[in-house]
file entry-v5.tsv (TSV, C-alpha atoms)
chain	number	residue	atom	x	y	z
G	25	MET	CA	305.15	-72.75	131.54
G	26	VAL	CA	304.23	-75.42	134.12
G	27	THR	CA	307.11	-77.30	135.70
G	28	PHE	CA	307.22	-79.86	138.49
G	29	THR	CA	310.42	-79.60	140.46
G	30	LYS	CA	309.25	-79.88	144.06
G	31	ASP	CA	308.73	-83.34	145.53
G	32	SER	CA	305.37	-82.28	146.95
G	33	GLU	CA	304.14	-81.30	143.45
G	34	LYS	CA	305.33	-84.61	142.03
G	35	GLU	CA	303.63	-86.45	144.88
G	36	ILE	CA	300.33	-84.80	143.93
G	37	ILE	CA	300.70	-85.86	140.29
G	38	ILE	CA	301.49	-89.45	141.30
G	39	LYS	CA	298.43	-89.54	143.57
G	40	GLN	CA	296.26	-88.04	140.84
G	41	TYR	CA	297.35	-90.56	138.20
G	42	TRP	CA	297.77	-93.59	140.48
G	43	PRO	CA	294.44	-95.21	139.49
G	44	GLN	CA	295.34	-94.91	135.79
G	45	ILE	CA	298.86	-96.19	136.51
G	46	GLY	CA	297.45	-99.22	138.35
G	47	ARG	CA	295.04	-100.05	135.55
G	48	ALA	CA	297.67	-99.62	132.85
G	49	ALA	CA	300.02	-101.91	134.80
G	50	SER	CA	297.29	-104.55	135.00
G	51	GLY	CA	296.60	-104.11	131.29
G	52	TYR	CA	300.21	-104.83	130.39
G	53	GLU	CA	300.98	-107.42	133.04
G	54	ASN	CA	298.43	-109.88	134.37
G	55	ARG	CA	300.69	-111.63	136.88
G	56	SER	CA	299.78	-109.94	140.12
G	57	ALA	CA	303.25	-109.56	141.65
G	58	LEU	CA	304.78	-108.30	138.40
G	59	SER	CA	301.83	-106.00	137.84
G	60	ASP	CA	302.40	-104.34	141.22
G	61	GLU	CA	306.08	-104.01	140.42
G	62	LEU	CA	305.27	-102.50	137.04
G	63	ALA	CA	302.89	-99.98	138.64
G	64	GLN	CA	305.69	-98.92	140.99
G	65	GLU	CA	308.13	-98.65	138.09
G	66	MET	CA	305.61	-96.49	136.24
G	67	ALA	CA	305.17	-94.23	139.26
G	68	LEU	CA	308.94	-93.88	139.60
G	69	SER	CA	309.32	-93.11	135.88
G	70	VAL	CA	306.62	-90.45	136.07
G	71	TRP	CA	308.30	-88.98	139.16
G	72	ARG	CA	311.69	-88.81	137.45
G	73	SER	CA	310.31	-87.62	134.11
G	74	LEU	CA	308.42	-84.72	135.65
G	75	ASP	CA	311.77	-82.91	135.99
G	76	ARG	CA	311.97	-82.84	132.20
G	77	PHE	CA	308.40	-81.71	131.61
G	78	ASN	CA	308.47	-78.23	130.10
G	79	GLY	CA	305.00	-77.87	128.68
G	80	GLN	CA	305.86	-79.54	125.34
G	81	CYS	CA	302.39	-81.18	125.51
G	82	SER	CA	299.61	-81.44	128.06
G	83	ILE	CA	300.56	-83.03	131.38
G	84	ASN	CA	297.92	-85.70	130.72
G	85	THR	CA	299.56	-86.71	127.43
G	86	TYR	CA	303.02	-86.56	129.00
G	87	VAL	CA	302.13	-88.80	131.93
G	88	TYR	CA	300.42	-91.37	129.70
G	89	ARG	CA	303.41	-91.35	127.36
G	90	VAL	CA	305.75	-92.08	130.27
G	91	ILE	CA	303.44	-94.79	131.65
G	92	HIS	CA	303.17	-96.62	128.33
G	93	ASN	CA	306.86	-96.43	127.52
G	94	THR	CA	307.68	-97.78	130.96
G	95	ALA	CA	305.44	-100.72	130.11
G	96	ILE	CA	307.47	-101.31	126.93
G	97	ASP	CA	310.62	-101.20	129.03
G	98	HIS	CA	309.06	-103.74	131.39
G	99	ILE	CA	308.20	-106.07	128.50
G	100	ARG	CA	311.78	-105.68	127.25
G	101	ARG	CA	313.27	-106.64	130.59
G	102	HIS	CA	310.85	-109.42	131.49
G	103	SER	CA	310.93	-110.98	128.04
G	104	LYS	CA	311.86	-114.39	129.43
G	105	LEU	CA	308.30	-114.79	130.65
G	106	SER	CA	305.53	-115.42	128.19
G	107	GLU	CA	302.93	-112.66	128.12
G	108	ASP	CA	300.03	-115.07	127.89
G	109	GLU	CA	301.35	-117.29	130.66
G	110	LEU	CA	298.94	-117.82	133.54
G	111	SER	CA	296.19	-115.78	131.92
G	112	ASP	CA	293.65	-118.60	132.04
G	113	LYS	CA	294.83	-119.65	135.48
G	114	THR	CA	294.24	-116.13	136.75
G	115	ILE	CA	290.59	-116.27	135.72
G	116	CYS	CA	290.05	-119.43	137.74
G	117	GLU	CA	292.00	-118.17	140.72
G	118	HIS	CA	289.92	-115.05	141.00
G	119	THR	CA	286.50	-116.65	140.66
G	120	SER	CA	284.50	-115.66	143.72
G	121	PRO	CA	281.36	-117.39	144.98
G	122	GLU	CA	279.92	-114.13	146.33
G	123	ALA	CA	277.05	-112.51	144.48
G	124	ASP	CA	278.82	-109.19	144.05
G	125	ALA	CA	281.77	-111.01	142.59
G	126	LEU	CA	280.05	-110.91	139.20
G	127	GLN	CA	281.33	-107.38	138.66
G	128	ALA	CA	284.83	-108.40	139.72
G	129	GLN	CA	284.61	-111.40	137.43
G	130	ARG	CA	283.64	-109.23	134.48
G	131	GLN	CA	286.49	-106.86	135.26
G	132	LYS	CA	288.89	-109.80	135.39
G	133	HIS	CA	287.58	-111.08	132.04
G	134	LEU	CA	288.05	-107.64	130.52
G	135	MET	CA	291.56	-107.37	131.94
G	136	ASN	CA	292.51	-110.80	130.61
G	137	ALA	CA	291.01	-110.04	127.21
G	138	VAL	CA	292.95	-106.77	127.05
G	139	ASN	CA	296.08	-108.66	128.10
G	140	LYS	CA	295.67	-111.01	125.18
G	141	LEU	CA	295.59	-108.26	122.55
G	142	PRO	CA	298.78	-107.79	120.52
G	143	LEU	CA	300.95	-105.00	121.94
G	144	SER	CA	300.18	-102.42	119.23
G	145	LEU	CA	296.41	-102.90	119.69
G	146	ARG	CA	296.63	-103.16	123.46
G	147	GLN	CA	298.28	-99.76	123.69
G	148	VAL	CA	295.48	-97.94	121.89
G	149	MET	CA	292.82	-99.95	123.71
G	150	LEU	CA	294.24	-99.15	127.14
G	151	LEU	CA	294.29	-95.45	126.34
G	152	LYS	CA	290.79	-95.50	124.85
G	153	LEU	CA	289.46	-97.28	127.93
G	154	GLU	CA	290.86	-94.35	129.94
G	155	ASP	CA	288.67	-92.04	127.82
G	156	LEU	CA	291.46	-90.44	125.80
G	157	ASN	CA	290.36	-89.23	122.38
G	158	ASN	CA	292.13	-90.26	119.16
G	159	VAL	CA	294.17	-87.03	118.99
G	160	GLU	CA	295.47	-87.58	122.53
G	161	ILE	CA	296.24	-91.24	121.80
G	162	SER	CA	298.19	-90.27	118.67
G	163	ASP	CA	300.16	-87.75	120.81
G	164	VAL	CA	300.92	-90.32	123.50
G	165	LEU	CA	302.03	-93.08	121.12
G	166	GLY	CA	303.58	-90.88	118.45
G	167	ILE	CA	301.50	-92.34	115.63
G	168	SER	CA	299.08	-90.69	113.20
G	169	GLU	CA	295.39	-90.26	114.00
G	170	ALA	CA	294.50	-92.44	111.03
G	171	ASN	CA	296.71	-95.19	112.42
G	172	VAL	CA	295.02	-94.82	115.81
G	173	GLY	CA	291.65	-95.22	114.12
G	174	ILE	CA	292.71	-98.39	112.31
G	175	ARG	CA	294.30	-99.94	115.39
G	176	LEU	CA	291.30	-99.06	117.52
G	177	HIS	CA	288.91	-100.65	115.05
G	178	ARG	CA	290.98	-103.86	115.02
G	179	ALA	CA	291.39	-103.78	118.79
G	180	LYS	CA	287.62	-103.51	119.31
G	181	GLU	CA	287.01	-106.40	116.90
G	182	GLN	CA	289.52	-108.64	118.66
G	183	LEU	CA	288.33	-107.62	122.11
G	184	THR	CA	284.73	-108.48	121.20
G	185	LYS	CA	285.83	-111.93	120.02
G	186	LEU	CA	287.97	-112.51	123.11
G	187	LEU	CA	285.19	-111.44	125.48
G	188	ALA	CA	282.67	-113.61	123.63
G	189	GLY	CA	285.05	-116.54	123.95
G	190	MET	CA	285.29	-116.05	127.70
G	191	ASN	CA	281.54	-115.80	128.35
U	221	MET	CA	281.02	-103.11	119.34
U	222	ASP	CA	279.02	-99.83	119.32
U	223	ASN	CA	279.85	-96.67	121.30
U	224	ASN	CA	277.40	-97.48	124.06
U	225	GLU	CA	278.89	-100.92	124.61
U	226	PHE	CA	282.37	-99.46	124.61
U	227	GLU	CA	281.40	-96.83	127.17
U	228	GLN	CA	280.13	-99.61	129.43
U	229	LEU	CA	283.41	-101.45	129.01
U	230	SER	CA	285.29	-98.25	129.72
U	231	SER	CA	283.42	-97.62	132.97
U	232	LEU	CA	283.87	-101.28	133.95
U	233	TRP	CA	287.58	-100.88	133.28
U	234	GLN	CA	287.84	-97.67	135.28
U	235	SER	CA	285.95	-99.14	138.24
U	236	THR	CA	288.60	-101.78	138.92
U	237	GLU	CA	290.00	-101.91	142.42
U	238	GLN	CA	292.91	-99.55	143.02
U	239	LYS	CA	296.36	-100.74	144.02
U	240	SER	CA	297.79	-99.26	147.20
U	241	LEU	CA	299.75	-96.06	146.63
U	242	PRO	CA	303.54	-96.64	146.57
U	243	HIS	CA	306.01	-94.98	148.93
U	244	MET	CA	308.01	-92.82	146.56
U	245	ASP	CA	310.96	-92.38	148.95
U	246	LYS	CA	311.41	-96.17	149.10
U	247	LEU	CA	311.17	-96.46	145.31
U	248	ILE	CA	313.75	-93.72	144.81
U	249	LYS	CA	316.11	-95.43	147.29
U	250	ARG	CA	315.69	-98.72	145.40
U	251	HIS	CA	316.44	-96.98	142.11
U	252	LYS	CA	319.63	-95.48	143.58
U	253	ARG	CA	320.63	-98.92	144.86
U	254	HIS	CA	320.28	-100.32	141.31
U	255	GLY	CA	322.53	-97.55	140.01
U	256	PHE	CA	325.09	-98.39	142.67
U	257	ILE	CA	325.06	-102.10	141.75
U	258	LEU	CA	325.57	-101.20	138.07
U	259	LYS	CA	328.62	-99.09	138.94
U	260	LEU	CA	329.93	-101.79	141.27
U	261	ASN	CA	329.75	-104.33	138.41
U	262	ILE	CA	331.83	-102.07	136.20
U	263	VAL	CA	334.40	-101.65	139.00
U	264	ILE	CA	334.55	-105.44	139.52
U	265	GLU	CA	335.14	-105.97	135.78
U	266	CYS	CA	337.91	-103.34	135.78
U	267	VAL	CA	339.58	-105.01	138.77
U	268	ALA	CA	339.35	-108.42	137.03
U	269	ILE	CA	340.97	-106.97	133.88
U	270	LEU	CA	343.74	-105.37	135.96
U	271	ALA	CA	344.29	-108.65	137.85
U	272	VAL	CA	344.64	-110.68	134.64
U	273	SER	CA	346.90	-108.02	133.11
U	274	SER	CA	349.17	-108.03	136.17
U	275	LEU	CA	349.21	-111.83	136.10
U	276	PHE	CA	350.37	-111.64	132.49
U	277	LEU	CA	353.11	-109.12	133.36
U	278	MET	CA	354.20	-111.29	136.29
U	279	SER	CA	354.44	-114.35	134.05
U	280	LEU	CA	356.63	-112.32	131.66
U	281	ILE	CA	358.86	-111.00	134.46
U	282	GLU	CA	359.15	-114.37	136.20
U	283	LYS	CA	359.84	-115.99	132.83
U	284	ALA	CA	357.12	-118.60	133.23
U	285	SER	CA	356.73	-121.45	130.70
U	286	LEU	CA	355.86	-120.42	127.16
U	287	ILE	CA	352.50	-122.20	127.27
U	288	LYS	CA	351.54	-120.36	130.47
U	289	GLN	CA	352.66	-117.04	128.98
U	290	ILE	CA	350.61	-117.62	125.82
U	291	TRP	CA	347.58	-118.74	127.81
U	292	VAL	CA	347.63	-115.78	130.23
U	293	GLY	CA	348.41	-113.42	127.36
U	294	PHE	CA	345.45	-114.73	125.43
U	295	ALA	CA	343.16	-114.38	128.49
U	296	THR	CA	344.34	-110.78	128.96
U	297	ILE	CA	343.77	-109.75	125.35
U	298	TRP	CA	340.46	-111.65	125.27
U	299	GLY	CA	339.28	-109.92	128.45
U	300	ILE	CA	340.36	-106.43	127.40
U	301	THR	CA	338.84	-106.77	123.90
U	302	LEU	CA	335.54	-108.04	125.29
U	303	PHE	CA	335.48	-105.34	127.98
U	304	VAL	CA	336.11	-102.55	125.46
U	305	LEU	CA	333.44	-103.82	123.01
U	306	MET	CA	330.91	-104.40	125.80
U	307	SER	CA	331.60	-101.01	127.36
U	308	LYS	CA	331.12	-99.31	123.99
U	309	SER	CA	327.68	-100.89	123.67
U	310	ARG	CA	326.87	-100.14	127.32
U	311	LEU	CA	327.86	-96.49	126.88
U	312	SER	CA	325.58	-96.24	123.88
U	313	SER	CA	322.72	-97.73	125.95
U	314	LEU	CA	323.51	-95.42	128.84
U	315	LYS	CA	323.35	-92.45	126.46
U	316	HIS	CA	319.80	-93.50	125.49
U	317	LEU	CA	318.85	-94.05	129.12
U	318	LYS	CA	320.19	-90.63	130.14
U	319	SER	CA	318.60	-88.82	127.22
U	320	GLY	CA	315.20	-89.47	128.76
U	321	GLN	CA	313.90	-90.67	125.40
U	322	LEU	CA	312.90	-93.98	126.95
U	323	SER	CA	309.91	-92.26	128.46
U	324	SER	CA	308.77	-90.91	125.15
U	325	SER	CA	309.94	-93.06	122.28
U	326	ILE	CA	309.67	-96.71	121.29
U	327	GLU	CA	312.63	-96.14	118.94
U	328	ALA	CA	314.85	-95.68	122.00
U	329	HIS	CA	313.69	-99.06	123.31
U	330	LYS	CA	314.49	-100.66	119.96
U	331	LYS	CA	318.02	-99.20	120.05
U	332	LEU	CA	318.49	-100.53	123.58
U	333	LEU	CA	317.34	-103.96	122.47
U	334	LYS	CA	319.68	-103.92	119.48
U	335	ASN	CA	322.54	-103.05	121.82
U	336	GLU	CA	321.53	-105.86	124.14
U	337	ILE	CA	321.43	-108.36	121.26
U	338	LEU	CA	324.88	-107.14	120.17
U	339	ARG	CA	326.21	-107.76	123.68
U	340	TRP	CA	324.80	-111.30	123.78
U	341	ASP	CA	326.27	-111.92	120.30
U	342	LEU	CA	329.64	-110.73	121.54
U	343	SER	CA	329.40	-112.95	124.62
U	344	ILE	CA	328.56	-115.99	122.48
U	345	LYS	CA	331.40	-115.39	120.02
U	346	ALA	CA	333.86	-114.57	122.79
U	347	THR	CA	332.92	-117.78	124.63
U	348	TRP	CA	333.45	-119.85	121.45
U	349	VAL	CA	336.91	-118.27	121.04
U	350	PHE	CA	337.68	-118.98	124.70
U	351	VAL	CA	336.53	-122.60	124.40
U	352	LEU	CA	338.69	-123.05	121.31
U	353	ALA	CA	341.73	-121.52	123.00
U	354	MET	CA	341.18	-123.60	126.10
U	355	GLY	CA	340.94	-126.72	123.96
U	356	VAL	CA	344.25	-125.87	122.27
U	357	PHE	CA	345.78	-125.11	125.69
U	358	ALA	CA	344.59	-128.43	127.13
U	359	VAL	CA	345.87	-130.44	124.16
U	360	SER	CA	349.24	-128.66	124.06
U	361	LYS	CA	349.65	-129.12	127.81
U	362	CYS	CA	349.16	-132.84	127.43
U	363	VAL	CA	351.53	-132.99	124.47
U	364	PHE	CA	354.40	-131.18	126.22
U	365	ALA	CA	353.90	-132.62	129.72
U	366	PRO	CA	352.20	-135.69	131.16
U	367	CYS	CA	348.49	-135.15	131.90
U	368	ASP	CA	347.33	-135.78	135.45
U	369	ALA	CA	343.80	-136.51	136.59
U	370	ASP	CA	343.52	-133.24	138.54
U	371	SER	CA	344.19	-130.90	135.65
U	372	GLY	CA	341.99	-133.06	133.43
U	373	LEU	CA	339.13	-132.62	135.90
U	374	HIS	CA	339.72	-128.85	136.02
U	375	ILE	CA	339.51	-128.64	132.24
U	376	VAL	CA	336.32	-130.72	132.12
U	377	ILE	CA	334.70	-128.50	134.80
U	378	SER	CA	335.79	-125.36	132.91
U	379	PHE	CA	334.24	-126.70	129.70
U	380	LEU	CA	331.01	-127.48	131.55
U	381	VAL	CA	330.84	-123.98	133.08
U	382	LEU	CA	331.46	-122.41	129.66
U	383	GLY	CA	328.79	-124.65	128.15
U	384	VAL	CA	326.22	-123.56	130.73
U	385	ALA	CA	327.18	-119.89	130.23
U	386	GLN	CA	326.86	-120.31	126.48
U	387	SER	CA	323.34	-121.77	126.84
U	388	VAL	CA	322.32	-118.83	129.05
U	389	PHE	CA	323.66	-116.37	126.44
U	390	PHE	CA	321.68	-118.15	123.70
U	391	VAL	CA	318.45	-118.02	125.71
U	392	LYS	CA	318.96	-114.34	126.59
U	393	ARG	CA	319.69	-113.43	122.96
U	394	ARG	CA	316.62	-115.29	121.72
U	395	ALA	CA	314.43	-113.53	124.31
U	396	ALA	CA	315.77	-110.09	123.35
U	397	LYS	CA	315.19	-110.85	119.66
U	398	ARG	CA	311.63	-111.92	120.38
U	399	VAL	CA	310.85	-108.64	122.18
U	400	LEU	CA	312.48	-106.63	119.39
U	401	LEU	CA	310.27	-108.44	116.89
U	402	THR	CA	307.18	-107.64	118.98
U	403	LEU	CA	308.11	-103.95	119.13
U	404	GLU	CA	308.80	-103.83	115.41
U	405	GLN	CA	305.43	-105.39	114.67
call {"tool": "encode", "arguments": {"input": "entry-v5.tsv", "output": "structure tokens"}}
result
Amino acid sequence: MVTFTKDSEKEIIIKQYWPQIGRAASGYENRSALSDELAQEMALSVWRSLDRFNGQCSINTYVYRVIHNTAIDHIRRHSKLSEDELSDKTICEHTSPEADALQAQRQKHLMNAVNKLPLSLRQVMLLKLEDLNNVEISDVLGISEANVGIRLHRAKEQLTKLLAGMN
Amino acid sequence: MDNNEFEQLSSLWQSTEQKSLPHMDKLIKRHKRHGFILKLNIVIECVAILAVSSLFLMSLIEKASLIKQIWVGFATIWGITLFVLMSKSRLSSLKHLKSGQLSSSIEAHKKLLKNEILRWDLSIKATWVFVLAMGVFAVSKCVFAPCDADSGLHIVISFLVLGVAQSVFFVKRRAAKRVLLTLEQ
């Protein structure tokens, strides 16, 4: 059974999952300052939750589960702020005149489109974008595979419309 | 959207710029500080309850006027009742927080939200009761003794403060209900 009790082991896990944590934070929170705070909260939650990991599922599933539930907690606590607030403003703020900014612009569009998805669809979309398969997503979110399939289908449909609307 | 298009989106998503890695020791210190503040709040509330209770006992011992005794007695009972009900809900939330389920279950978040809504409900009802009692106190004070401008001003300020607090409670309750609805959807 794999356990993570030493700080050095936890540090390695945090480093390993930090890119995913950062992206998930941006997916749930598009206001830059709050997104950074959420990423830190997620890292802290993963750190603290690793004590309780006892091999009940894969470490990948466990970490994603912690990350996504921390996001729910964040939404719960920051409810006074509208989720869609500033989303359009952010697109304008991040427009760069540089040629290589096209990629950054597309990433920003994608992030804003993901941010606009309803919570239930956003969760599956964020996990799918991280290359998790449907079985893993159902493990992380605690829903059936069939439900994952339905939500993913709807999420893709809405994302296509949102991206088309932005282009 | 076909698989190929989605794969492109996925790689675009995964190529986003990374945030700078956090300092875990600082985050853990901050978390401990939050825990300390939470405990400090509970201690402050306990001290306030003890202070009001002792004030009530003093008014009984010193044989203060009946109106003052009733008013302080009401404030004591009001405070203790609210504290007990709030603490019950807080303990239930703390149980969920300590169980570690928050990291793995949306149900735990829903229970926390329901507890939060209950606490805002309690605050709203308790404030209404307090406003009513204060109104009765103010009227009876003016009936039994001449009203001066100073005490009138105090009462008006108290009503204003309670009004502002009540609006905050309403906003907080509405926000919590909105998030609960989102999670349930």
call {"tool": "residues_around", "arguments": {"input": "entry-v5.tsv", "residues": "stretch 352-362 of chain U", "least_positions_apart": "2", "cutoff": "9 Å", "atoms": "all atoms listed in the file", "output": "list in words"}}
result
Ile287, Lys288, Ile290, Trp291, Phe294, Thr347, Trp348, Val349, Phe350, Phe364, Ala365, Pro366, Cys367, Asp368, Ser371, Gly372, Ile375, Ser378 and Phe379 of chain U
call {"tool": "write_last_selection", "arguments": {"input": "entry-v5.tsv", "atoms": "C-alpha atoms", "output": "PDB file, keeping the file's coordinate frame"}}
result
ATOM      1  CA  ILE U 287     352.500-122.200 127.270  1.00  0.00           C
ATOM      2  CA  LYS U 288     351.540-120.360 130.470  1.00  0.00           C
ATOM      3  CA  ILE U 290     350.610-117.620 125.820  1.00  0.00           C
ATOM      4  CA  TRP U 291     347.580-118.740 127.810  1.00  0.00           C
ATOM      5  CA  PHE U 294     345.450-114.730 125.430  1.00  0.00           C
ATOM      6  CA  THR U 347     332.920-117.780 124.630  1.00  0.00           C
ATOM      7  CA  TRP U 348     333.450-119.850 121.450  1.00  0.00           C
ATOM      8  CA  VAL U 349     336.910-118.270 121.040  1.00  0.00           C
ATOM      9  CA  PHE U 350     337.680-118.980 124.700  1.00  0.00           C
ATOM     10  CA  PHE U 364     354.400-131.180 126.220  1.00  0.00           C
ATOM     11  CA  ALA U 365     353.900-132.620 129.720  1.00  0.00           C
ATOM     12  CA  PRO U 366     352.200-135.690 131.160  1.00  0.00           C
ATOM     13  CA  CYS U 367     348.490-135.150 131.900  1.00  0.00           C
ATOM     14  CA  ASP U 368     347.330-135.780 135.450  1.00  0.00           C
ATOM     15  CA  SER U 371     344.190-130.900 135.650  1.00  0.00           C
ATOM     16  CA  GLY U 372     341.990-133.060 133.430  1.00  0.00           C
ATOM     17  CA  ILE U 375     339.510-128.640 132.240  1.00  0.00           C
ATOM     18  CA  SER U 378     335.790-125.360 132.910  1.00  0.00           C
ATOM     19  CA  PHE U 379     334.240-126.700 129.700  1.00  0.00           C
TER      20      PHE U 379
END
call {"tool": "closest_atom_pairs", "arguments": {"input": "entry-v5.tsv", "of": "chain U", "to": "chain G", "cutoff": "9 Å", "atoms": "all atoms listed in the file", "output": "JSON lines"}}
result
{"residue": "U:Met221", "atom": "CA", "partner": "G:Lys180", "partner_atom": "CA", "distance": 6.6}
{"residue": "U:Phe226", "atom": "CA", "partner": "G:Leu153", "partner_atom": "CA", "distance": 8.1}
{"residue": "U:Glu227", "atom": "CA", "partner": "G:Leu153", "partner_atom": "CA", "distance": 8.1}
{"residue": "U:Leu229", "atom": "CA", "partner": "G:Leu153", "partner_atom": "CA", "distance": 7.4}
{"residue": "U:Ser230", "atom": "CA", "partner": "G:Leu153", "partner_atom": "CA", "distance": 4.6}
{"residue": "U:Ser231", "atom": "CA", "partner": "G:Leu153", "partner_atom": "CA", "distance": 7.9}
{"residue": "U:Leu232", "atom": "CA", "partner": "G:Gln131", "partner_atom": "CA", "distance": 6.3}
{"residue": "U:Trp233", "atom": "CA", "partner": "G:Gln131", "partner_atom": "CA", "distance": 6.4}
{"residue": "U:Gln234", "atom": "CA", "partner": "G:Glu154", "partner_atom": "CA", "distance": 7.0}
{"residue": "U:Ser235", "atom": "CA", "partner": "G:Gln131", "partner_atom": "CA", "distance": 8.3}
{"residue": "U:Thr236", "atom": "CA", "partner": "G:Gln131", "partner_atom": "CA", "distance": 6.6}
{"residue": "U:Glu237", "atom": "CA", "partner": "G:Pro43", "partner_atom": "CA", "distance": 8.6}
{"residue": "U:Gln238", "atom": "CA", "partner": "G:Pro43", "partner_atom": "CA", "distance": 5.8}
{"residue": "U:Lys239", "atom": "CA", "partner": "G:Gly46", "partner_atom": "CA", "distance": 6.0}
{"residue": "U:Ser240", "atom": "CA", "partner": "G:Trp42", "partner_atom": "CA", "distance": 8.8}
{"residue": "U:Leu241", "atom": "CA", "partner": "G:Trp42", "partner_atom": "CA", "distance": 6.9}
{"residue": "U:Pro242", "atom": "CA", "partner": "G:Gln64", "partner_atom": "CA", "distance": 6.4}
{"residue": "U:His243", "atom": "CA", "partner": "G:Gln64", "partner_atom": "CA", "distance": 8.9}
{"residue": "U:Met244", "atom": "CA", "partner": "G:Leu68", "partner_atom": "CA", "distance": 7.1}
{"residue": "U:Leu247", "atom": "CA", "partner": "G:Leu68", "partner_atom": "CA", "distance": 6.7}
{"residue": "U:Ile248", "atom": "CA", "partner": "G:Leu68", "partner_atom": "CA", "distance": 7.1}
{"residue": "U:His251", "atom": "CA", "partner": "G:Leu68", "partner_atom": "CA", "distance": 8.5}
{"residue": "U:Gly320", "atom": "CA", "partner": "G:Ser73", "partner_atom": "CA", "distance": 7.5}
{"residue": "U:Leu322", "atom": "CA", "partner": "G:Asn93", "partner_atom": "CA", "distance": 6.5}
{"residue": "U:Ser323", "atom": "CA", "partner": "G:Val90", "partner_atom": "CA", "distance": 4.5}
{"residue": "U:Ser324", "atom": "CA", "partner": "G:Arg89", "partner_atom": "CA", "distance": 5.8}
{"residue": "U:Ser325", "atom": "CA", "partner": "G:Asn93", "partner_atom": "CA", "distance": 6.9}
{"residue": "U:Ile326", "atom": "CA", "partner": "G:Asn93", "partner_atom": "CA", "distance": 6.8}
{"residue": "U:His329", "atom": "CA", "partner": "G:Asp97", "partner_atom": "CA", "distance": 6.8}
{"residue": "U:Leu333", "atom": "CA", "partner": "G:Arg100", "partner_atom": "CA", "distance": 7.5}
{"residue": "U:Val391", "atom": "CA", "partner": "G:Lys104", "partner_atom": "CA", "distance": 8.4}
{"residue": "U:Lys392", "atom": "CA", "partner": "G:Lys104", "partner_atom": "CA", "distance": 7.6}
{"residue": "U:Ala395", "atom": "CA", "partner": "G:Ser103", "partner_atom": "CA", "distance": 5.7}
{"residue": "U:Ala396", "atom": "CA", "partner": "G:Ser103", "partner_atom": "CA", "distance": 6.8}
{"residue": "U:Arg398", "atom": "CA", "partner": "G:Ser103", "partner_atom": "CA", "distance": 7.7}
{"residue": "U:Val399", "atom": "CA", "partner": "G:Arg100", "partner_atom": "CA", "distance": 5.9}
{"residue": "U:Leu400", "atom": "CA", "partner": "G:Arg100", "partner_atom": "CA", "distance": 7.9}
{"residue": "U:Thr402", "atom": "CA", "partner": "G:Leu143", "partner_atom": "CA", "distance": 7.4}
{"residue": "U:Leu403", "atom": "CA", "partner": "G:Leu143", "partner_atom": "CA", "distance": 7.8}
{"residue": "U:Gln405", "atom": "CA", "partner": "G:Ser144", "partner_atom": "CA", "distance": 7.6}
call {"tool": "atom_distance", "arguments": {"input": "entry-v5.tsv", "atom1": "atom CA of U:Leu338", "atom2": "atom CA of U:Arg393"}}
result
8.6 Å
call {"tool": "atom_distance", "arguments": {"input": "entry-v5.tsv", "atom1": "atom CA of G:Arg175", "atom2": "atom CA of G:Val148"}}
result
6.9 Å
call {"tool": "closest_residue", "arguments": {"input": "entry-v5.tsv", "among": "U:Ala284, U:Leu258, U:Ala346, U:Val351", "to": "U:Gly299", "atoms": "only C-alpha atoms"}}
result
U:Ala346
call {"tool": "closest_residue", "arguments": {"input": "entry-v5.tsv", "among": "G:Gln40, G:Gln182, G:Asn84, G:Asn78", "to": "G:Arg146", "atoms": "all atoms listed in the file"}}
result
G:Gln182
call {"tool": "axis_aligned_box", "arguments": {"input": "entry-v5.tsv", "around": "stretch 139-146 of chain G", "padding_each_side": "4 Å", "output": "lines of an AutoDock Vina configuration file"}}
result
center_x = 298.3
center_y = -106.7
center_z = 123.7
size_x = 13.4
size_y = 16.6
size_z = 16.9
call {"tool": "atom_distance", "arguments": {"input": "entry-v5.tsv", "atom1": "atom CA of U:Ile281", "atom2": "atom CA of U:Ile269"}}
result
18.3 Å
call {"tool": "closest_residue", "arguments": {"input": "entry-v5.tsv", "among": "G:Ala188, G:Val172, G:Ala179, G:Ile167", "to": "G:Asn139", "atoms": "all atoms listed in the file"}}
result
G:Ala179
call {"tool": "residues_around", "arguments": {"input": "entry-v5.tsv", "residues": "U:Phe390", "least_positions_apart": "4", "cutoff": "8 Å", "atoms": "only C-alpha atoms", "output": "mmCIF file with C-alpha atoms, in the coordinates of the input"}}
result
data_model
loop_
_atom_site.group_PDB
_atom_site.id
_atom_site.type_symbol
_atom_site.label_atom_id
_atom_site.label_comp_id
_atom_site.auth_asym_id
_atom_site.auth_seq_id
_atom_site.Cartn_x
_atom_site.Cartn_y
_atom_site.Cartn_z
ATOM 1 C CA TRP U 340 324.800 -111.300 123.780
ATOM 2 C CA ILE U 344 328.560 -115.990 122.480
ATOM 3 C CA GLN U 386 326.860 -120.310 126.480
ATOM 4 C CA ARG U 394 316.620 -115.290 121.720
#
call {"tool": "closest_residue", "arguments": {"input": "entry-v5.tsv", "among": "G:Asp75, G:Asp163, G:Glu53, G:Glu169", "to": "G:Ala137", "atoms": "all atoms listed in the file"}}
result
G:Glu53
